[in-house]
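First comes the structure, then the notes that go with it.
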Amino acid sequence: MSNEHEQTTDNLTEYAEEHKPYQVTKIKYGDKTVTGRIVGRAKTVIPEAEFYQMACLFSTWKDFSEYYSVPESTLRDNFRDLYIKARQKTKQKLRQKMLETALNGDRVMMIWLSKQWLDMADSPVKGSDSDVLPWNEETADEME
């Protein structure tokens with residue numbers, strides 16, 4: 001029995017060695033100059049263009065904090081202007097594509113946009129007109 005166990009262990013070891021993931025053997029290092037805003041106590045340099053691209057993808061402050069290893073509050077204080085501008089730019093592009101899609105004949109998009117932007121609804125009854133009328137006892141007695 002122990003012989004079978006040793007053979008199984010040997011087979012697993014051989015398999016692991018044959019199917020080992022590729023690892024870089026010669027790592028090369030170099031210097032790079034980065035231009036951007038210097039923030040935080042560690043004086044981290046954050047390129048504005050890189051931050052803007054990530055913000056356009058609706059990355060959260062937490063995402064930025066983890067990526068750059070800078071506290072969220074520091075990022076908010078230093079990059080609020082770029083963050084708002086990038087998100088607004090993405091919203092603007094999305095609205096433009098939605099409108100183009102609707103104007104090119106996509107019925108679903110036309111219906112959705114008409115409900116969102118034009119305040120249209122599936123049923124024409126809206127507001128106080130749809131409320132139940134109050135019952136007046138005096139009027140009911142007069143009708144009889």
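Residues in the structure tokens are named by chain (A, B, ... in the order shown) and by number from 1 within that chain; ligands are numbered from 1 in the order shown.
When the distance limit is 9 Å and only C-alpha atoms are what count, the residues near region 35-44 of chain A, minus those fewer than 2 positions from it on the same chain, are Thr33, Ile46, Pro47, Glu48, Ala49, Tyr68, Ser69, Val70, Pro71, Thr74, Leu75, Asn78 and Phe79 of chain A.
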Okay, now the selection with C-alpha atoms, as a PDB file, in the first residue's frame?
ATOM      1  CA  THR A  33      10.391  59.896 -15.399  1.00  0.00           C
ATOM      2  CA  ILE A  46      -0.021  60.578 -10.385  1.00  0.00           C
ATOM      3  CA  PRO A  47      -0.190  61.362 -14.119  1.00  0.00           C
ATOM      4  CA  GLU A  48      -3.287  63.434 -14.903  1.00  0.00           C
ATOM      5  CA  ALA A  49      -3.937  61.706 -18.255  1.00  0.00           C
ATOM      6  CA  TYR A  68      -1.982  54.414  -6.397  1.00  0.00           C
ATOM      7  CA  SER A  69      -1.632  53.479  -2.672  1.00  0.00           C
ATOM      8  CA  VAL A  70      -2.887  56.916  -1.647  1.00  0.00           C
ATOM      9  CA  PRO A  71      -5.757  57.570   0.822  1.00  0.00           C
ATOM     10  CA  THR A  74      -6.144  62.792  -0.430  1.00  0.00           C
ATOM     11  CA  LEU A  75      -7.235  61.800  -3.919  1.00  0.00           C
ATOM     12  CA  ASN A  78      -6.365  66.751  -5.265  1.00  0.00           C
ATOM     13  CA  PHE A  79      -8.309  65.254  -8.178  1.00  0.00           C
TER      14      PHE A  79
END
**Message:** List the spatial neighbours of Glu72 (chain A) as JSON, numbers by chain - criterion: any atom at most 8 Å away, only C-alpha atoms, same-chain residues fewer than 4 positions off excluded.
**Reply:** {"A": [61, 62, 64, 65, 76]}
Selection from above, N, CA and C atoms, as a short mmCIF file (atom, residue, chain, number, x, y, z; two decimals), in the first residue's frame, can you write it?
data_model
loop_
_atom_site.label_atom_id
_atom_site.label_comp_id
_atom_site.auth_asym_id
_atom_site.auth_seq_id
_atom_site.Cartn_x
_atom_site.Cartn_y
_atom_site.Cartn_z
N TRP A 61 -13.39 55.97 -6.12
CA TRP A 61 -12.28 56.51 -5.34
C TRP A 61 -11.50 55.39 -4.68
N LYS A 62 -12.19 54.34 -4.28
CA LYS A 62 -11.52 53.19 -3.67
C LYS A 62 -10.58 52.53 -4.68
N PHE A 64 -9.04 53.97 -7.17
CA PHE A 64 -7.87 54.84 -7.30
C PHE A 64 -6.96 54.70 -6.09
N SER A 65 -7.56 54.65 -4.92
CA SER A 65 -6.79 54.55 -3.69
C SER A 65 -5.95 53.28 -3.67
N ARG A 76 -9.42 62.68 -3.33
CA ARG A 76 -10.59 63.57 -3.50
C ARG A 76 -10.16 65.04 -3.45
#
**Prompt:** Given the choices A:His19, A:Lys26, A:Arg80, A:Lys93, which gets closest to Phe51 (chain A) if the distance is worked out from only C-alpha atoms?
**Reply:**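 Of A:His19, A:Lys26, A:Arg80, A:Lys93, the one nearest Phe51 (chain A), counting only C-alpha atoms, is A:Arg80.
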**Request:** Give me, please, the distance in Å between CA of Asp119 (chain A) and CA of Lys85 (chain A), quoted to one decimal.
**Result:**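 It comes out at 27.7 Å.
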**Fill in**
Computed gap from CA of Val24 (chain A) to CA of Glu50 (chain A) is 27.0 Å
**Request:** Check the DSSP output for the backbone and give back, as a ChimeraX atom specification, the residues of chain A in strand (DSSP E).
**Result:** /A:37-39,44-46
Just to be explicit: take each residue in the selection above, keep C-alpha atoms, and write the result as a JSON list (two decimals), in the first residue's frame.
[["chain", "number", "residue", "atom", "x", "y", "z"],
["A", 37, "ARG", "CA", 0.44, 65.81, -9.65],
["A", 38, "ILE", "CA", 2.46, 65.09, -6.52],
["A", 39, "VAL", "CA", 0.14, 64.03, -3.69],
["A", 44, "THR", "CA", 3.29, 59.91, -5.06],
["A", 45, "VAL", "CA", 3.28, 61.23, -8.62],
["A", 46, "ILE", "CA", -0.02, 60.58, -10.38]]
